[in-house]
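J.: Below is the file final_6.txt, with compact mmCIF, N, CA and C atoms and all ligand atoms.
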```
# COMPACT_ATOMS: atom_id res chain seq x y z
N MET G 292 -64.43 -148.45 205.87
CA MET G 292 -63.33 -148.20 204.94
C MET G 292 -62.08 -148.97 205.39
N VAL G 293 -61.48 -149.69 204.47
CA VAL G 293 -60.25 -150.41 204.83
C VAL G 293 -59.15 -149.38 205.06
N GLU G 294 -58.44 -149.55 206.15
CA GLU G 294 -57.50 -148.54 206.62
C GLU G 294 -56.25 -149.25 207.15
N ARG G 295 -55.15 -148.51 207.22
CA ARG G 295 -53.92 -149.07 207.79
C ARG G 295 -53.48 -148.24 208.99
N THR G 296 -52.88 -148.92 209.94
CA THR G 296 -52.35 -148.24 211.12
C THR G 296 -50.99 -148.81 211.46
N LEU G 297 -50.19 -148.03 212.18
CA LEU G 297 -48.90 -148.55 212.65
C LEU G 297 -49.03 -149.02 214.09
N ALA G 298 -48.59 -150.24 214.32
CA ALA G 298 -48.56 -150.80 215.67
C ALA G 298 -47.10 -151.05 216.05
N ILE G 299 -46.80 -150.87 217.33
CA ILE G 299 -45.49 -151.26 217.85
C ILE G 299 -45.70 -152.14 219.08
N ILE G 300 -45.00 -153.26 219.11
CA ILE G 300 -44.89 -154.04 220.34
C ILE G 300 -43.65 -153.50 221.04
N LYS G 301 -43.86 -152.86 222.19
CA LYS G 301 -42.81 -152.06 222.83
C LYS G 301 -41.79 -152.94 223.58
N PRO G 302 -40.64 -152.35 223.96
CA PRO G 302 -39.55 -153.16 224.56
C PRO G 302 -39.96 -153.98 225.78
N ASP G 303 -40.88 -153.47 226.60
CA ASP G 303 -41.29 -154.25 227.78
C ASP G 303 -41.95 -155.56 227.37
N ALA G 304 -42.80 -155.51 226.35
CA ALA G 304 -43.53 -156.71 225.92
C ALA G 304 -42.62 -157.68 225.15
N VAL G 305 -41.65 -157.13 224.40
CA VAL G 305 -40.70 -158.01 223.70
C VAL G 305 -39.84 -158.74 224.73
N GLU G 306 -39.34 -157.98 225.70
CA GLU G 306 -38.46 -158.57 226.71
C GLU G 306 -39.18 -159.68 227.50
N ARG G 307 -40.45 -159.48 227.76
CA ARG G 307 -41.19 -160.47 228.55
C ARG G 307 -41.83 -161.56 227.69
N ARG G 308 -41.43 -161.61 226.42
CA ARG G 308 -41.83 -162.66 225.48
C ARG G 308 -43.35 -162.72 225.26
N HIS G 309 -43.94 -161.54 225.07
CA HIS G 309 -45.36 -161.47 224.76
C HIS G 309 -45.63 -161.25 223.26
N VAL G 310 -44.57 -161.27 222.43
CA VAL G 310 -44.76 -160.97 221.00
C VAL G 310 -45.76 -161.94 220.37
N GLY G 311 -45.55 -163.22 220.59
CA GLY G 311 -46.43 -164.21 219.97
C GLY G 311 -47.87 -164.05 220.41
N SER G 312 -48.08 -163.83 221.71
CA SER G 312 -49.45 -163.67 222.23
C SER G 312 -50.12 -162.45 221.61
N ILE G 313 -49.36 -161.36 221.49
CA ILE G 313 -49.95 -160.13 220.94
C ILE G 313 -50.26 -160.30 219.46
N ILE G 314 -49.36 -160.94 218.71
CA ILE G 314 -49.64 -161.17 217.29
C ILE G 314 -50.85 -162.10 217.11
N SER G 315 -50.98 -163.08 217.96
CA SER G 315 -52.18 -163.95 217.90
C SER G 315 -53.45 -163.13 218.09
N ARG G 316 -53.41 -162.22 219.06
CA ARG G 316 -54.58 -161.38 219.31
C ARG G 316 -54.87 -160.46 218.12
N ILE G 317 -53.82 -159.96 217.48
CA ILE G 317 -53.99 -159.10 216.30
C ILE G 317 -54.71 -159.88 215.19
N GLU G 318 -54.25 -161.09 214.93
CA GLU G 318 -54.87 -161.88 213.85
C GLU G 318 -56.28 -162.33 214.23
N ALA G 319 -56.47 -162.69 215.48
CA ALA G 319 -57.81 -163.12 215.91
C ALA G 319 -58.82 -161.98 215.80
N ALA G 320 -58.33 -160.75 215.92
CA ALA G 320 -59.22 -159.58 215.83
C ALA G 320 -59.53 -159.22 214.37
N GLY G 321 -58.93 -159.93 213.42
CA GLY G 321 -59.29 -159.73 212.02
C GLY G 321 -58.36 -158.83 211.22
N PHE G 322 -57.25 -158.42 211.81
CA PHE G 322 -56.29 -157.60 211.06
C PHE G 322 -55.47 -158.46 210.11
N GLN G 323 -55.14 -157.88 208.95
CA GLN G 323 -54.09 -158.43 208.10
C GLN G 323 -52.80 -157.72 208.46
N ILE G 324 -51.72 -158.50 208.63
CA ILE G 324 -50.41 -157.89 208.87
C ILE G 324 -49.78 -157.61 207.51
N ARG G 325 -49.63 -156.35 207.18
CA ARG G 325 -49.11 -155.95 205.86
C ARG G 325 -47.60 -155.80 205.85
N ALA G 326 -47.01 -155.57 206.99
CA ALA G 326 -45.55 -155.49 207.10
C ALA G 326 -45.19 -155.69 208.57
N MET G 327 -43.99 -156.21 208.81
CA MET G 327 -43.59 -156.46 210.20
C MET G 327 -42.06 -156.55 210.28
N ARG G 328 -41.48 -155.96 211.33
CA ARG G 328 -40.02 -156.03 211.51
C ARG G 328 -39.67 -155.93 212.99
N ARG G 329 -38.73 -156.76 213.41
CA ARG G 329 -38.14 -156.60 214.74
C ARG G 329 -36.91 -155.74 214.58
N MET G 330 -36.75 -154.73 215.42
CA MET G 330 -35.63 -153.81 215.26
C MET G 330 -35.33 -153.11 216.59
N ALA G 331 -34.15 -152.50 216.65
CA ALA G 331 -33.80 -151.71 217.83
C ALA G 331 -33.82 -150.24 217.42
N LEU G 332 -34.53 -149.41 218.17
CA LEU G 332 -34.56 -147.98 217.91
C LEU G 332 -33.41 -147.32 218.67
N SER G 333 -32.70 -146.41 218.01
CA SER G 333 -31.75 -145.57 218.75
C SER G 333 -32.56 -144.51 219.50
N LYS G 334 -31.92 -143.83 220.42
CA LYS G 334 -32.58 -142.74 221.14
C LYS G 334 -33.09 -141.70 220.12
N GLN G 335 -32.28 -141.42 219.13
CA GLN G 335 -32.65 -140.44 218.09
C GLN G 335 -33.85 -140.93 217.26
N ASP G 336 -33.88 -142.22 216.95
CA ASP G 336 -35.04 -142.79 216.23
C ASP G 336 -36.31 -142.58 217.05
N ALA G 337 -36.22 -142.86 218.35
CA ALA G 337 -37.39 -142.74 219.23
C ALA G 337 -37.82 -141.28 219.34
N GLU G 338 -36.85 -140.37 219.41
CA GLU G 338 -37.18 -138.94 219.50
C GLU G 338 -37.87 -138.46 218.22
N GLY G 339 -37.44 -138.95 217.09
CA GLY G 339 -38.09 -138.57 215.82
C GLY G 339 -39.50 -139.11 215.74
N PHE G 340 -39.66 -140.34 216.20
CA PHE G 340 -40.98 -140.96 216.15
C PHE G 340 -41.97 -140.23 217.06
N TYR G 341 -41.51 -139.85 218.25
CA TYR G 341 -42.40 -139.20 219.23
C TYR G 341 -42.25 -137.68 219.24
N ALA G 342 -41.81 -137.10 218.13
CA ALA G 342 -41.56 -135.65 218.07
C ALA G 342 -42.75 -134.82 218.54
N VAL G 343 -43.97 -135.29 218.30
CA VAL G 343 -45.16 -134.52 218.73
C VAL G 343 -45.23 -134.41 220.26
N HIS G 344 -44.54 -135.30 220.96
CA HIS G 344 -44.58 -135.28 222.43
C HIS G 344 -43.38 -134.55 223.04
N LYS G 345 -42.61 -133.85 222.21
CA LYS G 345 -41.36 -133.22 222.66
C LYS G 345 -41.53 -132.35 223.92
N ALA G 346 -42.66 -131.65 224.00
CA ALA G 346 -42.87 -130.73 225.13
C ALA G 346 -43.39 -131.44 226.38
N ARG G 347 -43.75 -132.70 226.27
CA ARG G 347 -44.34 -133.39 227.44
C ARG G 347 -43.23 -133.72 228.46
N PRO G 348 -43.57 -133.69 229.75
CA PRO G 348 -42.54 -133.92 230.78
C PRO G 348 -41.91 -135.31 230.72
N PHE G 349 -42.63 -136.28 230.13
CA PHE G 349 -42.11 -137.65 230.10
C PHE G 349 -41.35 -137.98 228.81
N PHE G 350 -41.09 -136.97 227.96
CA PHE G 350 -40.46 -137.22 226.65
C PHE G 350 -39.11 -137.94 226.79
N GLY G 351 -38.26 -137.47 227.69
CA GLY G 351 -36.94 -138.08 227.86
C GLY G 351 -37.03 -139.51 228.34
N SER G 352 -37.90 -139.72 229.32
CA SER G 352 -38.07 -141.06 229.86
C SER G 352 -38.69 -142.01 228.82
N LEU G 353 -39.68 -141.51 228.09
CA LEU G 353 -40.35 -142.33 227.07
C LEU G 353 -39.37 -142.74 225.96
N THR G 354 -38.56 -141.80 225.50
CA THR G 354 -37.65 -142.13 224.40
C THR G 354 -36.49 -143.02 224.87
N SER G 355 -36.11 -142.89 226.15
CA SER G 355 -35.10 -143.82 226.71
C SER G 355 -35.68 -145.23 226.78
N PHE G 356 -36.91 -145.32 227.26
CA PHE G 356 -37.58 -146.64 227.32
C PHE G 356 -37.71 -147.25 225.93
N MET G 357 -38.15 -146.46 224.95
CA MET G 357 -38.39 -147.01 223.62
C MET G 357 -37.10 -147.44 222.91
N SER G 358 -35.96 -146.92 223.39
CA SER G 358 -34.68 -147.32 222.81
C SER G 358 -33.91 -148.25 223.75
N SER G 359 -34.59 -148.79 224.75
CA SER G 359 -33.91 -149.63 225.75
C SER G 359 -33.79 -151.09 225.33
N GLY G 360 -34.50 -151.48 224.28
CA GLY G 360 -34.46 -152.86 223.82
C GLY G 360 -35.23 -152.98 222.52
N PRO G 361 -35.19 -154.14 221.88
CA PRO G 361 -35.85 -154.27 220.59
C PRO G 361 -37.37 -154.10 220.66
N VAL G 362 -37.93 -153.67 219.54
CA VAL G 362 -39.38 -153.54 219.38
C VAL G 362 -39.77 -154.35 218.14
N VAL G 363 -41.07 -154.57 217.98
CA VAL G 363 -41.59 -155.14 216.73
C VAL G 363 -42.56 -154.11 216.16
N VAL G 364 -42.29 -153.66 214.94
CA VAL G 364 -43.17 -152.68 214.29
C VAL G 364 -43.99 -153.40 213.22
N LEU G 365 -45.27 -153.06 213.16
CA LEU G 365 -46.18 -153.74 212.22
C LEU G 365 -47.12 -152.73 211.55
N VAL G 366 -47.47 -153.02 210.32
CA VAL G 366 -48.55 -152.29 209.66
C VAL G 366 -49.77 -153.21 209.63
N LEU G 367 -50.84 -152.76 210.28
CA LEU G 367 -52.06 -153.56 210.37
C LEU G 367 -53.13 -152.97 209.47
N GLU G 368 -53.87 -153.86 208.81
CA GLU G 368 -54.92 -153.41 207.90
C GLU G 368 -56.24 -154.07 208.28
N ALA G 369 -57.30 -153.25 208.28
CA ALA G 369 -58.66 -153.74 208.58
C ALA G 369 -59.62 -152.59 208.32
N PRO G 370 -60.91 -152.86 208.23
CA PRO G 370 -61.85 -151.76 208.24
C PRO G 370 -61.69 -150.99 209.55
N ASP G 371 -61.61 -149.68 209.46
CA ASP G 371 -61.52 -148.84 210.67
C ASP G 371 -60.33 -149.24 211.57
N ALA G 372 -59.20 -149.54 210.94
CA ALA G 372 -58.06 -150.13 211.66
C ALA G 372 -57.55 -149.26 212.81
N ILE G 373 -57.53 -147.94 212.63
CA ILE G 373 -56.94 -147.06 213.65
C ILE G 373 -57.73 -147.17 214.95
N ARG G 374 -59.04 -147.02 214.84
CA ARG G 374 -59.89 -147.06 216.04
C ARG G 374 -59.94 -148.49 216.62
N THR G 375 -60.06 -149.48 215.73
CA THR G 375 -60.17 -150.87 216.20
C THR G 375 -58.91 -151.30 216.96
N TRP G 376 -57.74 -150.91 216.46
CA TRP G 376 -56.48 -151.28 217.14
C TRP G 376 -56.36 -150.54 218.48
N ARG G 377 -56.76 -149.27 218.52
CA ARG G 377 -56.67 -148.55 219.80
C ARG G 377 -57.63 -149.15 220.83
N THR G 378 -58.79 -149.61 220.37
CA THR G 378 -59.74 -150.26 221.28
C THR G 378 -59.15 -151.57 221.82
N LEU G 379 -58.52 -152.34 220.95
CA LEU G 379 -57.91 -153.60 221.38
C LEU G 379 -56.75 -153.34 222.36
N MET G 380 -55.99 -152.26 222.15
CA MET G 380 -54.89 -151.93 223.07
C MET G 380 -55.41 -151.54 224.45
N GLY G 381 -56.47 -150.73 224.49
CA GLY G 381 -56.98 -150.23 225.77
C GLY G 381 -56.35 -148.90 226.15
N ALA G 382 -56.74 -148.38 227.30
CA ALA G 382 -56.29 -147.06 227.75
C ALA G 382 -54.77 -147.03 227.94
N THR G 383 -54.20 -145.84 227.78
CA THR G 383 -52.75 -145.64 227.92
C THR G 383 -52.26 -146.19 229.26
N ASP G 384 -52.99 -145.89 230.31
CA ASP G 384 -52.64 -146.35 231.66
C ASP G 384 -53.32 -147.71 231.90
N PRO G 385 -52.52 -148.77 232.07
CA PRO G 385 -53.14 -150.10 232.23
C PRO G 385 -54.10 -150.18 233.42
N ALA G 386 -53.88 -149.32 234.41
CA ALA G 386 -54.79 -149.32 235.57
C ALA G 386 -56.19 -148.87 235.17
N LYS G 387 -56.27 -148.16 234.04
CA LYS G 387 -57.58 -147.66 233.57
C LYS G 387 -58.08 -148.45 232.36
N ALA G 388 -57.31 -149.41 231.90
CA ALA G 388 -57.69 -150.16 230.69
C ALA G 388 -58.78 -151.19 231.00
N ASP G 389 -59.69 -151.36 230.04
CA ASP G 389 -60.78 -152.33 230.20
C ASP G 389 -60.25 -153.76 230.23
N ALA G 390 -60.99 -154.62 230.90
CA ALA G 390 -60.67 -156.05 230.90
C ALA G 390 -60.68 -156.56 229.45
N GLY G 391 -59.75 -157.44 229.15
CA GLY G 391 -59.70 -158.02 227.82
C GLY G 391 -58.83 -157.24 226.85
N THR G 392 -58.38 -156.05 227.23
CA THR G 392 -57.50 -155.29 226.34
C THR G 392 -56.05 -155.73 226.53
N LEU G 393 -55.23 -155.44 225.52
CA LEU G 393 -53.83 -155.86 225.56
C LEU G 393 -53.07 -155.17 226.69
N ARG G 394 -53.36 -153.88 226.90
CA ARG G 394 -52.62 -153.18 227.95
C ARG G 394 -53.04 -153.68 229.34
N LYS G 395 -54.30 -154.02 229.50
CA LYS G 395 -54.72 -154.59 230.78
C LYS G 395 -53.94 -155.88 231.05
N GLU G 396 -53.79 -156.67 229.98
CA GLU G 396 -53.17 -157.99 230.14
C GLU G 396 -51.65 -157.93 230.21
N PHE G 397 -51.03 -157.06 229.38
CA PHE G 397 -49.58 -157.14 229.20
C PHE G 397 -48.78 -155.94 229.70
N ALA G 398 -49.44 -154.79 229.94
CA ALA G 398 -48.66 -153.58 230.27
C ALA G 398 -48.23 -153.60 231.74
N GLU G 399 -47.09 -152.93 232.00
CA GLU G 399 -46.57 -152.84 233.36
C GLU G 399 -46.93 -151.52 234.01
N SER G 400 -47.00 -150.44 233.21
CA SER G 400 -47.22 -149.10 233.78
C SER G 400 -47.68 -148.17 232.66
N ILE G 401 -47.98 -146.92 233.02
CA ILE G 401 -48.44 -145.96 231.99
C ILE G 401 -47.38 -145.76 230.91
N GLU G 402 -46.11 -145.91 231.25
CA GLU G 402 -45.06 -145.75 230.24
C GLU G 402 -44.73 -147.08 229.56
N ARG G 403 -44.51 -148.10 230.37
CA ARG G 403 -44.15 -149.43 229.84
C ARG G 403 -45.46 -150.16 229.56
N ASN G 404 -46.14 -149.70 228.49
CA ASN G 404 -47.52 -150.14 228.28
C ASN G 404 -47.71 -151.03 227.05
N ALA G 405 -46.69 -151.76 226.71
CA ALA G 405 -46.76 -152.93 225.81
C ALA G 405 -46.94 -152.64 224.33
N THR G 406 -47.81 -151.69 223.99
CA THR G 406 -48.12 -151.48 222.57
C THR G 406 -48.30 -150.00 222.25
N HIS G 407 -48.13 -149.70 220.97
CA HIS G 407 -48.42 -148.35 220.43
C HIS G 407 -49.39 -148.50 219.27
N GLY G 408 -50.22 -147.50 219.07
CA GLY G 408 -51.07 -147.44 217.87
C GLY G 408 -51.26 -146.01 217.42
N SER G 409 -51.24 -145.78 216.12
CA SER G 409 -51.48 -144.44 215.57
C SER G 409 -52.83 -143.93 216.04
N ASP G 410 -52.95 -142.59 216.16
CA ASP G 410 -54.21 -142.05 216.69
C ASP G 410 -55.08 -141.34 215.66
N ALA G 411 -54.63 -141.21 214.41
CA ALA G 411 -55.42 -140.53 213.38
C ALA G 411 -54.84 -140.90 212.00
N PRO G 412 -55.60 -140.72 210.93
CA PRO G 412 -55.10 -141.09 209.60
C PRO G 412 -53.78 -140.39 209.22
N GLU G 413 -53.65 -139.10 209.57
CA GLU G 413 -52.42 -138.37 209.22
C GLU G 413 -51.23 -138.94 210.00
N THR G 414 -51.47 -139.25 211.27
CA THR G 414 -50.40 -139.83 212.11
C THR G 414 -50.03 -141.20 211.57
N ALA G 415 -51.02 -141.99 211.19
CA ALA G 415 -50.74 -143.34 210.66
C ALA G 415 -49.88 -143.24 209.41
N ALA G 416 -50.19 -142.30 208.53
CA ALA G 416 -49.41 -142.17 207.29
C ALA G 416 -47.96 -141.80 207.62
N TYR G 417 -47.78 -140.88 208.57
CA TYR G 417 -46.42 -140.47 208.97
C TYR G 417 -45.68 -141.64 209.61
N GLU G 418 -46.36 -142.33 210.51
CA GLU G 418 -45.69 -143.39 211.27
C GLU G 418 -45.37 -144.61 210.40
N ILE G 419 -46.26 -144.95 209.47
CA ILE G 419 -45.96 -146.07 208.56
C ILE G 419 -44.75 -145.71 207.71
N GLY G 420 -44.73 -144.48 207.20
CA GLY G 420 -43.61 -144.03 206.37
C GLY G 420 -42.31 -143.92 207.16
N TYR G 421 -42.39 -143.74 208.46
CA TYR G 421 -41.20 -143.64 209.32
C TYR G 421 -40.44 -144.96 209.33
N PHE G 422 -41.18 -146.07 209.21
CA PHE G 422 -40.56 -147.39 209.34
C PHE G 422 -40.51 -148.22 208.07
N PHE G 423 -41.44 -147.98 207.15
CA PHE G 423 -41.53 -148.88 205.99
C PHE G 423 -41.56 -148.11 204.68
N ALA G 424 -40.81 -148.65 203.70
CA ALA G 424 -40.87 -148.12 202.34
C ALA G 424 -42.06 -148.77 201.63
N GLY G 425 -42.56 -148.10 200.61
CA GLY G 425 -43.73 -148.60 199.88
C GLY G 425 -43.57 -150.02 199.40
N VAL G 426 -42.37 -150.40 198.95
CA VAL G 426 -42.16 -151.74 198.42
C VAL G 426 -42.28 -152.82 199.50
N GLU G 427 -42.20 -152.43 200.79
CA GLU G 427 -42.32 -153.41 201.87
C GLU G 427 -43.76 -153.66 202.25
N LEU G 428 -44.68 -152.88 201.70
CA LEU G 428 -46.09 -152.98 202.06
C LEU G 428 -46.83 -153.72 200.96
N SER G 429 -47.27 -154.95 201.25
CA SER G 429 -47.92 -155.72 200.19
C SER G 429 -49.42 -155.81 200.45
P1 LIG K 501 -51.14 -143.52 223.57
O1 LIG K 501 -51.67 -142.89 222.32
O2 LIG K 501 -52.18 -144.29 224.33
O3 LIG K 501 -49.89 -144.35 223.33
O4 LIG K 501 -50.72 -142.33 224.58
P2 LIG K 501 -49.98 -140.91 224.35
O5 LIG K 501 -49.90 -140.57 222.89
O6 LIG K 501 -50.66 -139.93 225.26
O7 LIG K 501 -48.52 -141.14 224.95
C1 LIG K 501 -47.52 -141.81 224.20
C2 LIG K 501 -46.80 -142.77 225.11
O8 LIG K 501 -46.13 -142.03 226.14
C3 LIG K 501 -47.70 -143.73 225.91
O9 LIG K 501 -48.08 -144.88 225.18
C4 LIG K 501 -46.80 -144.08 227.08
O10 LIG K 501 -45.80 -145.06 226.74
C5 LIG K 501 -46.12 -142.75 227.37
N1 LIG K 501 -46.87 -141.95 228.36
C6 LIG K 501 -48.10 -141.39 228.24
N2 LIG K 501 -48.45 -140.71 229.34
C7 LIG K 501 -47.40 -140.85 230.19
C8 LIG K 501 -47.14 -140.34 231.52
O11 LIG K 501 -47.96 -139.66 232.13
N3 LIG K 501 -45.94 -140.70 232.07
C9 LIG K 501 -45.01 -141.46 231.41
N4 LIG K 501 -43.86 -141.74 232.03
N5 LIG K 501 -45.22 -141.93 230.16
C10 LIG K 501 -46.40 -141.63 229.57
```
Turn the structure described in the file into structure tokens.

T.:
Amino acid sequence: MVERTLAIIKPDAVERRHVGSIISRIEAAGFQIRAMRRMALSKQDAEGFYAVHKARPFFGSLTSFMSSGPVVVLVLEAPDAIRTWRTLMGATDPAKADAGTLRKEFAESIERNATHGSDAPETAAYEIGYFFAGVELS
């Protein structure tokens, strides 16, 4: 089933100029980019985006990191996009990520881990709507 997911190239990867490499990998993997924007998240924007993680001990640190510099947000489309994108990203902790995954290649740590991907259809719908209006999705 053709599906859409929200991807973020996080501040660590933008700062280290990995945007082009990551977008190349996205296209090589067969995704269509349906929308894309470079932007800076405020602390409040990051807190709203990660609201499900509010109770986690790393919430403050994660939202500070995500608002520490610009990100690139994208809507990716492909068959089984949510699972396929998470597989391409690799495990949350780059030390545990498989060879060939984006986090293995580009992430610095479990927090500064280069990319984000929605984890379920309901999350993808919420996250896409958090950043993009319907008219921006072609
Ligand atoms: P994901 O779905 O692989 O992104 O992982 P989670 O939903 O569990 O966590 C969301 C984000 O929080 C991760 O991508 C990391 O940036 C960060 N994170 C996850 N676990 C930890 C942790 O144990 N410590 C810190 N500092 N950050 C974490």

J.: At what distance in Å, to one decimal, does CA of Phe340 (chain G) lie from atom N of Arg308 (chain G)?

T.: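 Separation between atom N of Arg308 (chain G) and CA of Phe340 (chain G): 23.1 Å.
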
J.: Mind giving me the straight-line distance from CA of Trp376 (chain G) to CA of Ala319 (chain G) in Å, one decimal?

T.: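 One can read the CA of Trp376 (chain G) to CA of Ala319 (chain G) distance as 12.0 Å.
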
J.: Could you give me, as a PyMOL selection string, the residues within 10 Å of Thr406 (chain G), counting only C-alpha atoms and dropping anything in the same chain fewer than 6 positions from it?

T.: chain G and resi 298-305+313+362-364+376-377+380-381+383+393-394+397-398

J.: Give the residues close to ligand LIG 501 (chain K), within 6.5 Å, counting all atoms listed in the file; write them as a ChimeraX atom specification.

T.: /G:349,352-353,381-384,401-404,406-410

J.: May I ask for the distance between atom C of Gly339 (chain G) and CA of Tyr417 (chain G), given in Å to one decimal place?

T.: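 Computed distance, atom C of Gly339 (chain G) to CA of Tyr417 (chain G), equals 9.8 Å.
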
J.: So for region 298-308 of chain G, what box centre and size do we get, axis-aligned, 4 Å extra on each of the six sides, every listed atom, Å to one decimal, as lines of an AutoDock Vina configuration file?

T.:
```
center_x = -43.5
center_y = -156.5
center_z = 221.4
size_x = 18.1
size_y = 20.5
size_z = 22.2
```

J.: Quick check for you: according to DSSP on this backbone, which residues of chain G are classed as strand (DSSP E or B)? Reply as a JSON list (two decimals) with N, CA and C atoms, in the coordinates of the input.

T.:
```
[["chain", "number", "residue", "atom", "x", "y", "z"],
["G", 293, "VAL", "N", -61.48, -149.69, 204.47],
["G", 293, "VAL", "CA", -60.25, -150.41, 204.83],
["G", 293, "VAL", "C", -59.15, -149.38, 205.06],
["G", 294, "GLU", "N", -58.44, -149.55, 206.15],
["G", 294, "GLU", "CA", -57.50, -148.54, 206.62],
["G", 294, "GLU", "C", -56.25, -149.25, 207.15],
["G", 295, "ARG", "N", -55.15, -148.51, 207.22],
["G", 295, "ARG", "CA", -53.92, -149.07, 207.79],
["G", 295, "ARG", "C", -53.48, -148.24, 208.99],
["G", 296, "THR", "N", -52.88, -148.92, 209.94],
["G", 296, "THR", "CA", -52.35, -148.24, 211.12],
["G", 296, "THR", "C", -50.99, -148.81, 211.46],
["G", 297, "LEU", "N", -50.19, -148.03, 212.18],
["G", 297, "LEU", "CA", -48.90, -148.55, 212.65],
["G", 297, "LEU", "C", -49.03, -149.02, 214.09],
["G", 298, "ALA", "N", -48.59, -150.24, 214.32],
["G", 298, "ALA", "CA", -48.56, -150.80, 215.67],
["G", 298, "ALA", "C", -47.10, -151.05, 216.05],
["G", 299, "ILE", "N", -46.80, -150.87, 217.33],
["G", 299, "ILE", "CA", -45.49, -151.26, 217.85],
["G", 299, "ILE", "C", -45.70, -152.14, 219.08],
["G", 300, "ILE", "N", -45.00, -153.26, 219.11],
["G", 300, "ILE", "CA", -44.89, -154.04, 220.34],
["G", 300, "ILE", "C", -43.65, -153.50, 221.04],
["G", 323, "GLN", "N", -55.14, -157.88, 208.95],
["G", 323, "GLN", "CA", -54.09, -158.43, 208.10],
["G", 323, "GLN", "C", -52.80, -157.72, 208.46],
["G", 324, "ILE", "N", -51.72, -158.50, 208.63],
["G", 324, "ILE", "CA", -50.41, -157.89, 208.87],
["G", 324, "ILE", "C", -49.78, -157.61, 207.51],
["G", 325, "ARG", "N", -49.63, -156.35, 207.18],
["G", 325, "ARG", "CA", -49.11, -155.95, 205.86],
["G", 325, "ARG", "C", -47.60, -155.80, 205.85],
["G", 326, "ALA", "N", -47.01, -155.57, 206.99],
["G", 326, "ALA", "CA", -45.55, -155.49, 207.10],
["G", 326, "ALA", "C", -45.19, -155.69, 208.57],
["G", 327, "MET", "N", -43.99, -156.21, 208.81],
["G", 327, "MET", "CA", -43.59, -156.46, 210.20],
["G", 327, "MET", "C", -42.06, -156.55, 210.28],
["G", 328, "ARG", "N", -41.48, -155.96, 211.33],
["G", 328, "ARG", "CA", -40.02, -156.03, 211.51],
["G", 328, "ARG", "C", -39.67, -155.93, 212.99],
["G", 329, "ARG", "N", -38.73, -156.76, 213.41],
["G", 329, "ARG", "CA", -38.14, -156.60, 214.74],
["G", 329, "ARG", "C", -36.91, -155.74, 214.58],
["G", 330, "MET", "N", -36.75, -154.73, 215.42],
["G", 330, "MET", "CA", -35.63, -153.81, 215.26],
["G", 330, "MET", "C", -35.33, -153.11, 216.59],
["G", 362, "VAL", "N", -37.93, -153.67, 219.54],
["G", 362, "VAL", "CA", -39.38, -153.54, 219.38],
["G", 362, "VAL", "C", -39.77, -154.35, 218.14],
["G", 363, "VAL", "N", -41.07, -154.57, 217.98],
["G", 363, "VAL", "CA", -41.59, -155.14, 216.73],
["G", 363, "VAL", "C", -42.56, -154.11, 216.16],
["G", 364, "VAL", "N", -42.29, -153.66, 214.94],
["G", 364, "VAL", "CA", -43.17, -152.68, 214.29],
["G", 364, "VAL", "C", -43.99, -153.40, 213.22],
["G", 365, "LEU", "N", -45.27, -153.06, 213.16],
["G", 365, "LEU", "CA", -46.18, -153.74, 212.22],
["G", 365, "LEU", "C", -47.12, -152.73, 211.55],
["G", 366, "VAL", "N", -47.47, -153.02, 210.32],
["G", 366, "VAL", "CA", -48.55, -152.29, 209.66],
["G", 366, "VAL", "C", -49.77, -153.21, 209.63],
["G", 367, "LEU", "N", -50.84, -152.76, 210.28],
["G", 367, "LEU", "CA", -52.06, -153.56, 210.37],
["G", 367, "LEU", "C", -53.13, -152.97, 209.47],
["G", 368, "GLU", "N", -53.87, -153.86, 208.81],
["G", 368, "GLU", "CA", -54.92, -153.41, 207.90],
["G", 368, "GLU", "C", -56.24, -154.07, 208.28],
["G", 369, "ALA", "N", -57.30, -153.25, 208.28],
["G", 369, "ALA", "CA", -58.66, -153.74, 208.58],
["G", 369, "ALA", "C", -59.62, -152.59, 208.32],
["G", 370, "PRO", "N", -60.91, -152.86, 208.23],
["G", 370, "PRO", "CA", -61.85, -151.76, 208.24],
["G", 370, "PRO", "C", -61.69, -150.99, 209.55],
["G", 406, "THR", "N", -47.81, -151.69, 223.99],
["G", 406, "THR", "CA", -48.12, -151.48, 222.57],
["G", 406, "THR", "C", -48.30, -150.00, 222.25],
["G", 407, "HIS", "N", -48.13, -149.70, 220.97],
["G", 407, "HIS", "CA", -48.42, -148.35, 220.43],
["G", 407, "HIS", "C", -49.39, -148.50, 219.27],
["G", 408, "GLY", "N", -50.22, -147.50, 219.07],
["G", 408, "GLY", "CA", -51.07, -147.44, 217.87],
["G", 408, "GLY", "C", -51.26, -146.01, 217.42]]
```

J.: From region 323-409 of chain G, collect each residue whose DSSP state is alpha helix (DSSP H) and return the set as number ranges by chain.

T.: G: 334-340, 350-357, 372-380, 393-397

J.: Kindly indicate which residue among G:Met357, G:Met330, G:Val366, G:Ile373 lies nearest to Pro412 (chain G), using only C-alpha atoms for the distances.

T.: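 Going through G:Met357, G:Met330, G:Val366, G:Ile373 one by one, the smallest distance to Pro412 (chain G) is for G:Ile373.
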
J.: Find the residues near region 294-297 of chain G: any atom within 5 Å, counting only N, CA and C atoms, skip ones fewer than 3 places away on the same chain, and give them as a list in words.

T.: Leu365, Val366, Leu367, Glu368, Ala369, Pro370, Asp371, Ala372, Gly408, Ser409 and Ala415 of chain G

J.: With all atoms listed in the file as the atoms that count, which of G:Ser359, G:Ala320, G:Val293, G:Arg347 lies nearest to Leu332 (chain G)?

T.: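 The closest residue to Leu332 (chain G) is G:Ser359.
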